[in-house]
file coords37.cif (mmCIF, C-alpha atoms)
data_query
#
loop_
_atom_site.group_PDB
_atom_site.id
_atom_site.type_symbol
_atom_site.label_atom_id
_atom_site.label_comp_id
_atom_site.auth_asym_id
_atom_site.auth_seq_id
_atom_site.Cartn_x
_atom_site.Cartn_y
_atom_site.Cartn_z
ATOM 1 C CA MET V 830 -19.298 10.033 100.885
ATOM 2 C CA GLU V 831 -17.233 12.903 102.207
ATOM 3 C CA PHE V 832 -18.816 14.898 104.988
ATOM 4 C CA TRP V 833 -18.539 18.390 103.444
ATOM 5 C CA ILE V 834 -20.188 17.368 100.150
ATOM 6 C CA GLU V 835 -23.088 15.888 102.112
ATOM 7 C CA LEU V 836 -23.313 19.085 104.183
ATOM 8 C CA VAL V 837 -23.349 21.390 101.127
ATOM 9 C CA VAL V 838 -25.931 19.250 99.312
ATOM 10 C CA SER V 839 -28.177 19.082 102.407
ATOM 11 C CA VAL V 840 -28.018 22.850 102.945
ATOM 12 C CA PHE V 841 -28.898 23.523 99.298
ATOM 13 C CA LEU V 842 -31.763 21.000 99.420
ATOM 14 C CA VAL V 843 -33.355 22.383 102.577
ATOM 15 C CA ALA V 844 -32.917 26.012 101.477
ATOM 16 C CA GLY V 845 -34.484 25.302 98.085
ATOM 17 C CA ALA V 846 -37.390 23.397 99.615
ATOM 18 C CA VAL V 847 -38.009 26.200 102.131
ATOM 19 C CA PHE V 848 -38.130 28.735 99.282
ATOM 20 C CA VAL V 849 -40.563 26.543 97.321
ATOM 21 C CA PHE V 850 -42.748 26.221 100.436
ATOM 22 C CA ILE V 851 -42.701 29.983 101.106
ATOM 23 C CA GLY V 852 -43.725 30.611 97.490
ATOM 24 C CA SER V 853 -46.716 28.299 97.796
ATOM 25 C CA LEU V 854 -47.641 29.719 101.197
ATOM 26 C CA GLY V 855 -47.680 33.181 99.631
ATOM 27 C CA LEU V 856 -49.842 31.868 96.797
ATOM 28 C CA ALA V 857 -52.343 30.544 99.325
ATOM 29 C CA LYS V 858 -52.368 33.406 101.839
ATOM 30 C CA LEU V 859 -51.811 36.766 100.087
ATOM 31 C CA PRO V 860 -54.857 38.990 99.526
ATOM 32 C CA ASP V 861 -55.143 39.721 95.788
ATOM 33 C CA PHE V 862 -53.889 38.375 92.471
ATOM 34 C CA TYR V 863 -51.026 40.813 91.956
ATOM 35 C CA THR V 864 -49.470 40.081 95.348
ATOM 36 C CA ARG V 865 -50.100 36.370 94.841
ATOM 37 C CA LEU V 866 -48.239 36.555 91.517
ATOM 38 C CA HIS V 867 -45.151 37.833 93.322
ATOM 39 C CA ALA V 868 -44.611 34.829 95.606
ATOM 40 C CA PRO V 869 -44.323 31.806 93.238
ATOM 41 C CA THR V 870 -41.990 33.584 90.810
ATOM 42 C CA LYS V 871 -39.444 33.917 93.626
ATOM 43 C CA ALA V 872 -40.023 30.248 94.443
ATOM 44 C CA THR V 873 -39.283 29.338 90.822
ATOM 45 C CA THR V 874 -35.928 31.090 90.617
ATOM 46 C CA LEU V 875 -34.504 30.673 94.143
ATOM 47 C CA GLY V 876 -36.150 27.425 95.228
ATOM 48 C CA MET V 877 -35.629 25.488 92.029
ATOM 49 C CA GLY V 878 -32.160 27.028 91.718
ATOM 50 C CA GLY V 879 -31.229 25.640 95.142
ATOM 51 C CA LEU V 880 -32.652 22.179 94.478
ATOM 52 C CA LEU V 881 -30.992 21.916 91.076
ATOM 53 C CA ALA V 882 -27.648 23.143 92.456
ATOM 54 C CA ALA V 883 -27.814 20.408 95.114
ATOM 55 C CA SER V 884 -28.615 17.840 92.436
ATOM 56 C CA ALA V 885 -25.774 19.057 90.185
ATOM 57 C CA ILE V 886 -23.201 18.885 92.999
ATOM 58 C CA LEU V 887 -24.307 15.395 94.038
ATOM 59 C CA MET V 888 -24.402 13.996 90.488
ATOM 60 C CA THR V 889 -20.994 15.506 89.690
ATOM 61 C CA TYR V 890 -19.575 13.827 92.797
ATOM 62 C CA GLN V 891 -21.249 10.469 92.190
ATOM 63 C CA GLN V 892 -20.544 10.114 88.478
ATOM 64 C CA GLY V 893 -17.026 11.531 88.548
ATOM 65 C CA HIS V 894 -17.536 13.952 85.668
ATOM 66 C CA LEU V 895 -19.278 17.319 85.347
ATOM 67 C CA SER V 896 -23.076 16.955 85.230
ATOM 68 C CA LEU V 897 -24.779 19.780 83.373
ATOM 69 C CA HIS V 898 -28.359 18.519 82.875
ATOM 70 C CA GLU V 899 -29.483 20.534 85.886
ATOM 71 C CA LEU V 900 -27.960 23.719 84.546
ATOM 72 C CA LEU V 901 -30.149 23.296 81.450
ATOM 73 C CA ILE V 902 -33.345 23.116 83.553
ATOM 74 C CA THR V 903 -32.218 26.068 85.711
ATOM 75 C CA LEU V 904 -31.501 28.174 82.637
ATOM 76 C CA PHE V 905 -34.866 27.275 81.093
ATOM 77 C CA LEU V 906 -36.765 28.125 84.304
ATOM 78 C CA LEU V 907 -34.851 31.396 84.724
ATOM 79 C CA ILE V 908 -35.799 32.416 81.175
ATOM 80 C CA THR V 909 -39.461 31.361 81.279
ATOM 81 C CA ALA V 910 -40.475 32.480 84.812
ATOM 82 C CA PRO V 911 -40.494 36.252 84.017
ATOM 83 C CA VAL V 912 -42.282 35.604 80.707
ATOM 84 C CA THR V 913 -45.126 33.684 82.373
ATOM 85 C CA ALA V 914 -45.326 36.259 85.185
ATOM 86 C CA HIS V 915 -45.601 39.078 82.646
ATOM 87 C CA MET V 916 -48.274 37.276 80.622
ATOM 88 C CA LEU V 917 -50.291 36.493 83.773
ATOM 89 C CA ALA V 918 -50.045 40.098 84.972
ATOM 90 C CA LYS V 919 -51.192 41.364 81.585
ATOM 91 C CA THR V 920 -54.111 38.922 81.571
ATOM 92 C CA ALA V 921 -55.144 39.990 85.074
ATOM 93 C CA MET V 922 -54.845 43.671 84.129
ATOM 94 C CA HIS V 923 -57.101 43.294 81.112
ATOM 95 C CA HIS V 924 -59.621 41.235 83.084
ATOM 96 C CA LYS V 925 -59.782 44.119 85.613
ATOM 97 C CA LEU V 926 -59.119 41.945 88.669
ATOM 98 C CA GLN V 927 -59.632 43.409 92.126
ATOM 99 C CA ILE V 928 -56.631 45.305 93.539
ATOM 100 C CA THR V 929 -56.177 45.325 97.318
ATOM 101 C CA GLU V 930 -56.674 48.655 99.117
ATOM 102 C CA LYS V 931 -53.087 49.018 100.322
ATOM 103 C CA THR V 932 -51.707 49.291 96.768
ATOM 104 C CA VAL V 933 -50.256 52.711 95.983
ATOM 105 C CA ASP V 934 -50.686 54.475 92.597
ATOM 106 C CA LYS V 935 -53.757 52.467 91.690
ATOM 107 C CA GLU V 936 -54.830 55.030 89.084
ATOM 108 C CA LEU V 937 -51.812 54.067 86.948
ATOM 109 C CA SER V 938 -53.402 50.685 86.261
ATOM 110 C CA LYS V 939 -56.313 52.400 84.533
ATOM 111 C CA ARG V 940 -53.961 54.312 82.245
ATOM 112 C CA ALA V 941 -51.933 51.188 81.479
ATOM 113 C CA ARG V 942 -55.119 49.342 80.577
ATOM 114 C CA GLU V 943 -56.235 52.070 78.190
ATOM 115 C CA ARG V 944 -52.899 52.620 76.487
ATOM 116 C CA ASN V 945 -52.000 49.089 75.441
ATOM 117 C CA THR V 946 -54.135 46.837 73.329
ATOM 118 C CA PRO V 947 -53.547 43.179 74.213
ATOM 119 C CA THR V 948 -51.413 41.317 71.732
ATOM 120 C CA MET J 834 -27.773 13.615 107.008
ATOM 121 C CA LEU J 835 -28.567 13.547 103.307
ATOM 122 C CA ASN J 836 -31.514 11.216 103.879
ATOM 123 C CA THR J 837 -32.930 13.537 106.556
ATOM 124 C CA ALA J 838 -32.516 16.535 104.238
ATOM 125 C CA ILE J 839 -34.288 14.696 101.403
ATOM 126 C CA THR J 840 -37.158 13.765 103.744
ATOM 127 C CA ILE J 841 -37.543 17.363 104.972
ATOM 128 C CA ALA J 842 -37.410 18.758 101.428
ATOM 129 C CA THR J 843 -39.933 16.231 100.094
ATOM 130 C CA THR J 844 -42.334 16.979 102.966
ATOM 131 C CA LEU J 845 -42.118 20.729 102.333
ATOM 132 C CA VAL J 846 -42.674 20.307 98.574
ATOM 133 C CA CYS J 847 -45.682 18.020 99.175
ATOM 134 C CA ILE J 848 -47.237 20.546 101.573
ATOM 135 C CA SER J 849 -46.754 23.268 98.955
ATOM 136 C CA LEU J 850 -48.431 21.061 96.337
ATOM 137 C CA ILE J 851 -51.452 20.735 98.660
ATOM 138 C CA LEU J 852 -51.514 24.527 99.147
ATOM 139 C CA ASN J 853 -51.410 24.982 95.350
ATOM 140 C CA LEU J 854 -54.276 22.518 94.952
ATOM 141 C CA TRP J 855 -56.302 24.493 97.493
ATOM 142 C CA ARG J 856 -55.689 27.694 95.524
ATOM 143 C CA LEU J 857 -56.570 25.891 92.289
ATOM 144 C CA PHE J 858 -59.983 24.891 93.654
ATOM 145 C CA LYS J 859 -60.700 28.121 95.536
ATOM 146 C CA GLY J 860 -59.125 30.695 93.160
ATOM 147 C CA PRO J 861 -61.734 33.418 92.613
ATOM 148 C CA SER J 862 -60.642 34.210 89.045
ATOM 149 C CA ARG J 863 -59.257 32.391 86.039
ATOM 150 C CA PRO J 864 -55.735 33.959 86.198
ATOM 151 C CA ASP J 865 -55.528 32.696 89.802
ATOM 152 C CA ARG J 866 -56.182 29.163 88.615
ATOM 153 C CA ILE J 867 -53.598 29.467 85.836
ATOM 154 C CA LEU J 868 -51.059 30.744 88.370
ATOM 155 C CA ALA J 869 -51.834 27.824 90.686
ATOM 156 C CA LEU J 870 -51.321 25.335 87.833
ATOM 157 C CA ASP J 871 -48.068 27.065 86.868
ATOM 158 C CA THR J 872 -46.781 26.782 90.437
ATOM 159 C CA MET J 873 -47.966 23.168 90.610
ATOM 160 C CA TYR J 874 -45.898 22.057 87.643
ATOM 161 C CA ILE J 875 -42.835 23.801 89.041
ATOM 162 C CA ASN J 876 -43.338 22.005 92.362
ATOM 163 C CA SER J 877 -43.770 18.702 90.550
ATOM 164 C CA ILE J 878 -40.405 19.307 88.820
ATOM 165 C CA ALA J 879 -38.950 19.805 92.306
ATOM 166 C CA LEU J 880 -40.528 16.511 93.445
ATOM 167 C CA ILE J 881 -39.127 14.616 90.433
ATOM 168 C CA ILE J 882 -35.645 16.036 91.070
ATOM 169 C CA LEU J 883 -35.838 15.028 94.736
ATOM 170 C CA PHE J 884 -36.859 11.522 93.659
ATOM 171 C CA GLY J 885 -33.899 11.456 91.269
ATOM 172 C CA ILE J 886 -31.528 12.470 94.073
ATOM 173 C CA ALA J 887 -33.014 9.868 96.416
ATOM 174 C CA SER J 888 -32.751 7.046 93.892
ATOM 175 C CA GLY J 889 -29.319 8.134 92.689
ATOM 176 C CA THR J 890 -29.956 7.990 88.941
ATOM 177 C CA ALA J 891 -29.706 10.733 86.314
ATOM 178 C CA LEU J 892 -32.668 9.304 84.415
ATOM 179 C CA TYR J 893 -35.313 11.698 85.725
ATOM 180 C CA PHE J 894 -33.828 14.974 84.493
ATOM 181 C CA GLU J 895 -35.153 14.476 80.991
ATOM 182 C CA ALA J 896 -38.644 14.078 82.459
ATOM 183 C CA ALA J 897 -38.156 17.253 84.517
ATOM 184 C CA LEU J 898 -36.974 19.185 81.451
ATOM 185 C CA LEU J 899 -39.966 17.926 79.454
ATOM 186 C CA ILE J 900 -42.391 19.008 82.196
ATOM 187 C CA ALA J 901 -40.713 22.436 82.341
ATOM 188 C CA MET J 902 -41.089 22.981 78.590
ATOM 189 C CA LEU J 903 -44.670 21.706 78.311
ATOM 190 C CA GLY J 904 -45.696 23.654 81.406
ATOM 191 C CA PHE J 905 -44.363 26.911 80.019
ATOM 192 C CA VAL J 906 -46.081 26.358 76.667
ATOM 193 C CA SER J 907 -49.402 25.450 78.317
ATOM 194 C CA THR J 908 -49.309 28.480 80.652
ATOM 195 C CA ALA J 909 -48.561 30.776 77.718
ATOM 196 C CA ALA J 910 -51.365 29.171 75.696
ATOM 197 C CA MET J 911 -53.920 29.515 78.510
ATOM 198 C CA CYS J 912 -52.991 33.174 79.105
ATOM 199 C CA LYS J 913 -53.275 33.894 75.392
ATOM 200 C CA TYR J 914 -56.600 32.082 75.222
ATOM 201 C CA ILE J 915 -58.310 33.987 78.017
ATOM 202 C CA LEU J 916 -56.726 37.253 76.834
ATOM 203 C CA ARG J 917 -57.766 37.037 73.181
ATOM 204 C CA GLY J 918 -60.335 34.236 73.023
ATOM 205 C CA ASP J 919 -58.220 32.461 70.394
ATOM 206 C CA LEU J 920 -54.799 30.875 70.162
ATOM 207 C CA ILE J 921 -53.790 31.227 66.513
ATOM 208 C CA GLU J 922 -55.374 34.140 64.696
#
call {"tool": "encode", "arguments": {"input": "coords37.cif", "output": "structure tokens"}}
result
Amino acid sequence: MEFWIELVVSVFLVAGAVFVFIGSLGLAKLPDFYTRLHAPTKATTLGMGGLLAASAILMTYQQGHLSLHELLITLFLLITAPVTAHMLAKTAMHHKLQITEKTVDKELSKRARERNTPT
Amino acid sequence: MLNTAITIATTLVCISLILNLWRLFKGPSRPDRILALDTMYINSIALIILFGIASGTALYFEAALLIAMLGFVSTAAMCKYILRGDLIE
């Protein structure tokens, strides 16, 4: 295998795995639900994007023709990650979960809860 | 170099799966547990893709795509269930 393809694939792999790890570390360490929600959504887009890009480059090189399976998974994850994050945030808002003290404009959450009925 | 990168990436993804499992057991509220499950299936997709790269076959991408779709549907269903108390009204 050529050296530069191996280098590019390795860099994408390690970068993606580091993003996935940081997302899970944020999920474990951050103080309340709304901050915890922020970390894994970044891991989904950037981390999985990096891993799938590495896989696409390697498969394209090994098989000799363009490999687009990975693009399908990336596209699906990029579409569904904001939808799940929004649904989880709405669920947490209507269950009145604890907000950490450092959050600014906390009184807006009360208004948002009153204005929208859950659908 | 590629083998070292795959080993490092697999180790990091396995550690993040353990962290997700810890949050799944500890999670003080139900949305926390749903979020931990959601992150766990994404990390398992990452693990399957790393296994596919290591073994050099394109066979595992269908499995990864299937896990992605079912995971999204199950997260949406669980959110809907604890939001409304019912799935199909």
call {"tool": "closest_atom_pairs", "arguments": {"input": "coords37.cif", "of": "chain J", "to": "chain V", "cutoff": "9 Å", "atoms": "only C-alpha atoms", "output": "Markdown table"}}
result
| residue | atom | partner | partner_atom | distance |
| --- | --- | --- | --- | --- |
| J:Met834 | CA | V:Glu835 | CA | 7.1 |
| J:Leu835 | CA | V:Ser839 | CA | 5.6 |
| J:Asn836 | CA | V:Ser839 | CA | 8.7 |
| J:Thr837 | CA | V:Ser839 | CA | 8.4 |
| J:Ala838 | CA | V:Ser839 | CA | 5.4 |
| J:Ile839 | CA | V:Leu842 | CA | 7.1 |
| J:Ile841 | CA | V:Val843 | CA | 7.0 |
| J:Ala842 | CA | V:Ala846 | CA | 5.0 |
| J:Thr843 | CA | V:Ala846 | CA | 7.6 |
| J:Thr844 | CA | V:Ala846 | CA | 8.8 |
| J:Leu845 | CA | V:Phe850 | CA | 5.8 |
| J:Val846 | CA | V:Phe850 | CA | 6.2 |
| J:Cys847 | CA | V:Phe850 | CA | 8.8 |
| J:Ile848 | CA | V:Phe850 | CA | 7.3 |
| J:Ser849 | CA | V:Ser853 | CA | 5.2 |
| J:Leu850 | CA | V:Ser853 | CA | 7.6 |
| J:Ile851 | CA | V:Ser853 | CA | 9.0 |
| J:Leu852 | CA | V:Ala857 | CA | 6.1 |
| J:Asn853 | CA | V:Ser853 | CA | 6.2 |
| J:Trp855 | CA | V:Ala857 | CA | 7.5 |
| J:Arg856 | CA | V:Ala857 | CA | 5.8 |
| J:Ser862 | CA | V:Leu926 | CA | 7.9 |
| J:Arg863 | CA | V:Ala921 | CA | 8.7 |
| J:Pro864 | CA | V:Ala921 | CA | 6.2 |
| J:Asp865 | CA | V:Phe862 | CA | 6.5 |
| J:Ile867 | CA | V:Leu917 | CA | 8.0 |
| J:Leu868 | CA | V:Leu866 | CA | 7.2 |
| J:Ala869 | CA | V:Leu856 | CA | 7.6 |
| J:Asp871 | CA | V:Thr913 | CA | 8.5 |
| J:Thr872 | CA | V:Pro869 | CA | 6.3 |
| J:Met873 | CA | V:Ser853 | CA | 8.9 |
| J:Ile875 | CA | V:Thr873 | CA | 6.8 |
| J:Asn876 | CA | V:Val849 | CA | 7.3 |
| J:Ile878 | CA | V:Met877 | CA | 8.4 |
| J:Ala879 | CA | V:Met877 | CA | 6.6 |
| J:Ile882 | CA | V:Ser884 | CA | 7.4 |
| J:Leu883 | CA | V:Leu880 | CA | 7.8 |
| J:Gly885 | CA | V:Ser884 | CA | 8.4 |
| J:Ile886 | CA | V:Ser884 | CA | 6.3 |
| J:Gly889 | CA | V:Met888 | CA | 8.0 |
| J:Thr890 | CA | V:Met888 | CA | 8.3 |
| J:Ala891 | CA | V:Met888 | CA | 7.5 |
| J:Phe894 | CA | V:His898 | CA | 6.7 |
| J:Glu895 | CA | V:His898 | CA | 8.1 |
| J:Ala897 | CA | V:Ile902 | CA | 7.6 |
| J:Leu898 | CA | V:Ile902 | CA | 5.7 |
| J:Ala901 | CA | V:Leu906 | CA | 7.2 |
| J:Met902 | CA | V:Phe905 | CA | 8.0 |
| J:Phe905 | CA | V:Thr909 | CA | 6.7 |
| J:Thr908 | CA | V:Thr913 | CA | 6.9 |
| J:Ala909 | CA | V:Thr913 | CA | 6.5 |
| J:Cys912 | CA | V:Leu917 | CA | 6.3 |
| J:Lys913 | CA | V:Met916 | CA | 8.0 |
| J:Ile915 | CA | V:Thr920 | CA | 7.4 |
| J:Leu916 | CA | V:Thr920 | CA | 5.7 |
| J:Arg917 | CA | V:Pro947 | CA | 7.5 |
call {"tool": "atom_distance", "arguments": {"input": "coords37.cif", "atom1": "atom CA of J:Arg866", "atom2": "atom CA of V:Leu900"}}
result
29.0 Å
call {"tool": "atom_distance", "arguments": {"input": "coords37.cif", "atom1": "atom CA of V:Leu904", "atom2": "atom CA of J:Met911"}}
result
22.8 Å
call {"tool": "atom_distance", "arguments": {"input": "coords37.cif", "atom1": "atom CA of V:Lys931", "atom2": "atom CA of V:His915"}}
result
21.6 Å
